[in-house]
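Below is one structure; the comments refer to it alone.
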Amino acid sequence: MTDTAIHKMIGVAGRRLHVARWHSGASERPPLLLLNGIGMNLELLAPVARSLPEREVICFDMPGTGNSPDPVFPYSISCMALTTASLLDRLEIDRADILGISWGGAVAQQFAFQHRARTGKLVLAATAAGATMIPGNAALLAHLSDPREYSVERTLKRNLASIYNGGGSARVSLNAAKAPSPLGFSYQMAAFASWSSLPILPMLSMPVMVMADEEDQLVPPSNAHFLHHAIAHSELEMFRGGGHLFMLSQRERFVARLRTFLDDDAHAC
């Protein structure tokens, strides 16, 4: 079975999105939808997708990131949850497991609330409850707020190395990183800053696993404990030394734990 993704540009909800599908038709297991972090293009998550050959994995670039064109208008997290549902309609997928990473964890939480019948299992990694999050390292957050630092190729990888490794002792390959547009980056920042999942967390009744790293300085681990306690019956898995992108820097352990959770019939919806 090839591990090369099938890439397409798909028009959905008034937007054109760059979509990748790995292992299409691999099994009868629900597909896994990856929702990635702020400014991250989908190629950065390809190592995770390739590590799950037993199931279909889908990822798309948010508007203004990777190969997805800039959004025409600002959007909200709930709007992107609706866009995600429309994309699944276009792909003829009724139900999927969801993995939300960092900023993508916000869309994952909102999608799981708005589209509970379409959500299998939910994994929230290195993420928070939005505007109500416990803030991370002030210097890192101030640096993150300037889109010029991430929309210029010559500074992107340098900044990602400091921000996304987020204090971990492990390192992440950023060779596949592509700068988002200033507009795309700014709209993502604004969408997260104006959103909170605090009212909806108690209503997430599907199986949920919260994952975080003890050394994440961008999204401190206290946010994971908050999500875990707010979501009834959720599980908590803590890593150490991986930084903010522990799912890449400690990929083998991350994938093993992810696979156990997704495949365990005891966690069936």
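A note on labels: chains of the structure tokens are A, B, ... as shown, every chain counts residues from 1, and ligands are counted from 1 in their shown order.
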
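Once Thr83 (chain A) and its same-chain neighbours fewer than 2 positions away are set aside, Val12, Ala13, Gly14, Arg15, Ser78, Cys79, Met80, Ala81, Ala85, Ser86, Leu87 and Leu88 of chain A remain within 9 Å of it when counting only C-alpha atoms.
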
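Using only C-alpha atoms, the smallest distance between any of A:Pro182, A:Gly243, A:Gly120, A:Pro220 and Pro207 (chain A) comes from A:Gly120.
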
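Between Glu237 (chain A) and the candidates A:Phe185, A:Asp97, A:Ala126, A:Ala191, the tightest atom-to-atom separation, counting only C-alpha atoms, involves A:Ala126.
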
How many Å separate CA of Pro69 (chain A) from CA of Trp103 (chain A)? 18.6 Å

Using only C-alpha atoms, which of A:Asp216, A:Asp89, A:Glu56, A:Asp94 sits nearest Trp22 (chain A)? A:Glu56

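Residues in contact range of Leu262 (chain A), defined as at most 10 Å between only C-alpha atoms, with sequence neighbours fewer than 5 positions away removed, read Arg29, Pro30, Leu32, Asp97, Ile98, Gly120, Lys121, Leu122, Val123, Pro207, Val208, Met209, Arg257, His267 and Ala268 of chain A.
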
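Every protein, DNA or RNA residue with an atom at most 10 Å from Arg116 (chain A), where only C-alpha atoms count and chain neighbours fewer than 2 positions away do not, is listed here: A:Arg95, A:Gln110, A:Phe111, A:Ala112, A:Phe113, A:Gln114, A:Arg118, A:Thr119, A:Gly120, A:Met203, A:Leu204, A:Ser205, A:Met206.
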
Using the chain letters and numbers from this document, which residues of region 46-244 of chain A does DSSP assign to strand (DSSP E or B), as a PyMOL selection string? chain A and resi 57-60+96-101+119-125+130+196+208-213+235-239

Residue selection dump (N, CA and C atoms) as a tab-separated table (two decimals), in the first residue's frame:
```tsv
chain	number	residue	atom	x	y	z
A	57	VAL	N	-6.65	8.62	6.28
A	57	VAL	CA	-6.37	9.85	7.01
A	57	VAL	C	-6.57	11.03	6.06
A	58	ILE	N	-7.27	12.04	6.54
A	58	ILE	CA	-7.60	13.20	5.72
A	58	ILE	C	-7.12	14.46	6.43
A	59	CYS	N	-6.56	15.38	5.69
A	59	CYS	CA	-6.15	16.66	6.24
A	59	CYS	C	-6.35	17.74	5.19
A	60	PHE	N	-6.59	18.97	5.61
A	60	PHE	CA	-6.70	20.06	4.65
A	60	PHE	C	-6.05	21.31	5.21
A	96	ALA	N	-16.54	10.52	11.06
A	96	ALA	CA	-15.08	10.41	11.13
A	96	ALA	C	-14.61	10.58	12.57
A	97	ASP	N	-13.46	9.97	12.87
A	97	ASP	CA	-12.74	10.29	14.09
A	97	ASP	C	-11.99	11.59	13.83
A	98	ILE	N	-11.81	12.39	14.87
A	98	ILE	CA	-11.22	13.72	14.71
A	98	ILE	C	-10.00	13.86	15.60
A	99	LEU	N	-8.89	14.32	15.02
A	99	LEU	CA	-7.71	14.68	15.79
A	99	LEU	C	-7.44	16.16	15.57
A	100	GLY	N	-7.60	16.96	16.61
A	100	GLY	CA	-7.35	18.40	16.54
A	100	GLY	C	-6.07	18.75	17.26
A	101	ILE	N	-5.16	19.40	16.56
A	101	ILE	CA	-3.86	19.76	17.11
A	101	ILE	C	-3.77	21.27	17.26
A	119	THR	N	-19.35	12.68	14.54
A	119	THR	CA	-18.08	12.57	15.24
A	119	THR	C	-17.97	11.22	15.91
A	120	GLY	N	-16.94	10.46	15.55
A	120	GLY	CA	-16.69	9.18	16.21
A	120	GLY	C	-15.98	9.43	17.52
A	121	LYS	N	-14.65	9.30	17.50
A	121	LYS	CA	-13.84	9.59	18.67
A	121	LYS	C	-13.09	10.90	18.45
A	122	LEU	N	-12.84	11.59	19.55
A	122	LEU	CA	-12.24	12.92	19.49
A	122	LEU	C	-10.93	12.92	20.26
A	123	VAL	N	-9.85	13.37	19.60
A	123	VAL	CA	-8.55	13.49	20.25
A	123	VAL	C	-8.13	14.96	20.19
A	124	LEU	N	-7.82	15.53	21.35
A	124	LEU	CA	-7.42	16.93	21.46
A	124	LEU	C	-5.98	16.98	21.92
A	125	ALA	N	-5.08	17.45	21.06
A	125	ALA	CA	-3.66	17.42	21.35
A	125	ALA	C	-3.07	18.83	21.38
A	130	GLY	N	-9.71	27.96	24.09
A	130	GLY	CA	-9.88	29.23	23.39
A	130	GLY	C	-9.49	30.42	24.24
A	196	SER	N	-14.52	30.52	22.61
A	196	SER	CA	-14.27	29.72	23.80
A	196	SER	C	-15.17	28.49	23.78
A	208	VAL	N	-13.43	10.83	24.32
A	208	VAL	CA	-12.47	11.92	24.14
A	208	VAL	C	-11.16	11.58	24.82
A	209	MET	N	-10.06	11.80	24.13
A	209	MET	CA	-8.73	11.72	24.74
A	209	MET	C	-8.06	13.07	24.61
A	210	VAL	N	-7.53	13.57	25.72
A	210	VAL	CA	-6.78	14.82	25.75
A	210	VAL	C	-5.31	14.47	25.89
A	211	MET	N	-4.47	15.04	25.01
A	211	MET	CA	-3.03	14.78	25.04
A	211	MET	C	-2.27	16.10	25.16
A	212	ALA	N	-1.20	16.07	25.95
A	212	ALA	CA	-0.40	17.28	26.14
A	212	ALA	C	1.01	16.89	26.56
A	213	ASP	N	1.91	17.86	26.50
A	213	ASP	CA	3.29	17.64	26.90
A	213	ASP	C	3.61	18.53	28.10
A	235	GLU	N	-10.23	10.89	28.73
A	235	GLU	CA	-8.96	10.33	29.18
A	235	GLU	C	-7.87	11.38	28.98
A	236	LEU	N	-6.82	11.28	29.79
A	236	LEU	CA	-5.71	12.23	29.72
A	236	LEU	C	-4.41	11.47	29.53
A	237	GLU	N	-3.63	11.86	28.52
A	237	GLU	CA	-2.34	11.24	28.25
A	237	GLU	C	-1.28	12.34	28.21
A	238	MET	N	-0.32	12.28	29.13
A	238	MET	CA	0.71	13.31	29.22
A	238	MET	C	2.04	12.79	28.67
A	239	PHE	N	2.72	13.64	27.90
A	239	PHE	CA	4.04	13.36	27.37
A	239	PHE	C	5.04	14.27	28.10
```

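Distances to Phe73 (chain A) were evaluated for A:Ser102, A:Asn175, A:Ser186, A:Ser222 using only C-alpha atoms, and the minimum falls at A:Ser186.
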
Select from region 189-261 of chain A every residue with an atom at most 8 Å from any atom of region 38-49 of chain A, then for each give the shortest pair of atoms and their distance in Å to one decimal, using only C-alpha atoms, rows by chain and rising number, as a Markdown table.
```
| residue | atom | partner | partner_atom | distance |
| --- | --- | --- | --- | --- |
| A:Met189 | CA | A:Ile38 | CA | 7.6 |
| A:Met247 | CA | A:Val48 | CA | 7.6 |
| A:Leu248 | CA | A:Val48 | CA | 7.2 |
| A:Arg251 | CA | A:Val48 | CA | 6.9 |
| A:Val255 | CA | A:Val48 | CA | 7.0 |
```

Generate the output file for the selected residues, N, CA and C atoms, as a PDB file, in the first residue's frame.
```pdb
ATOM      1  N   MET A 189      -5.603  33.736  13.966  1.00  0.00           N
ATOM      2  CA  MET A 189      -5.392  34.307  15.290  1.00  0.00           C
ATOM      3  C   MET A 189      -6.674  34.945  15.822  1.00  0.00           C
ATOM      4  N   MET A 247       3.528  15.430  19.050  1.00  0.00           N
ATOM      5  CA  MET A 247       3.011  14.399  18.139  1.00  0.00           C
ATOM      6  C   MET A 247       3.958  14.160  16.963  1.00  0.00           C
ATOM      7  N   LEU A 248       4.874  15.088  16.720  1.00  0.00           N
ATOM      8  CA  LEU A 248       5.898  14.911  15.698  1.00  0.00           C
ATOM      9  C   LEU A 248       7.241  14.515  16.305  1.00  0.00           C
ATOM     10  N   ARG A 251       6.773  10.926  17.765  1.00  0.00           N
ATOM     11  CA  ARG A 251       5.731  10.387  16.898  1.00  0.00           C
ATOM     12  C   ARG A 251       5.387   8.926  17.193  1.00  0.00           C
ATOM     13  N   VAL A 255       1.648   7.948  18.083  1.00  0.00           N
ATOM     14  CA  VAL A 255       0.846   7.121  17.183  1.00  0.00           C
ATOM     15  C   VAL A 255       0.380   5.847  17.884  1.00  0.00           C
TER      16      VAL A 255
END
```

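Closest approach to Ala193 (chain A) from the set A:Ala117, A:Ala131, A:Leu258, A:Leu33 is made by A:Ala131, with distances taken over only C-alpha atoms.
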
Near Gln188 (chain A), within 10 Å and counting only C-alpha atoms, which residues show up once chain neighbours fewer than 5 positions away are dropped, as an MDAnalysis selection string? chainID A and resid 37:39 62:65 74:77 103:104 183 193

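Each of A:Ala20, A:Met133, A:Leu52, A:Ala256 was checked against Pro221 (chain A) using only C-alpha atoms; the smallest atom-to-atom distance is that of A:Met133.
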
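What separates CA of Gly105 (chain A) from CA of Leu227 (chain A) is a distance of 11.1 Å.
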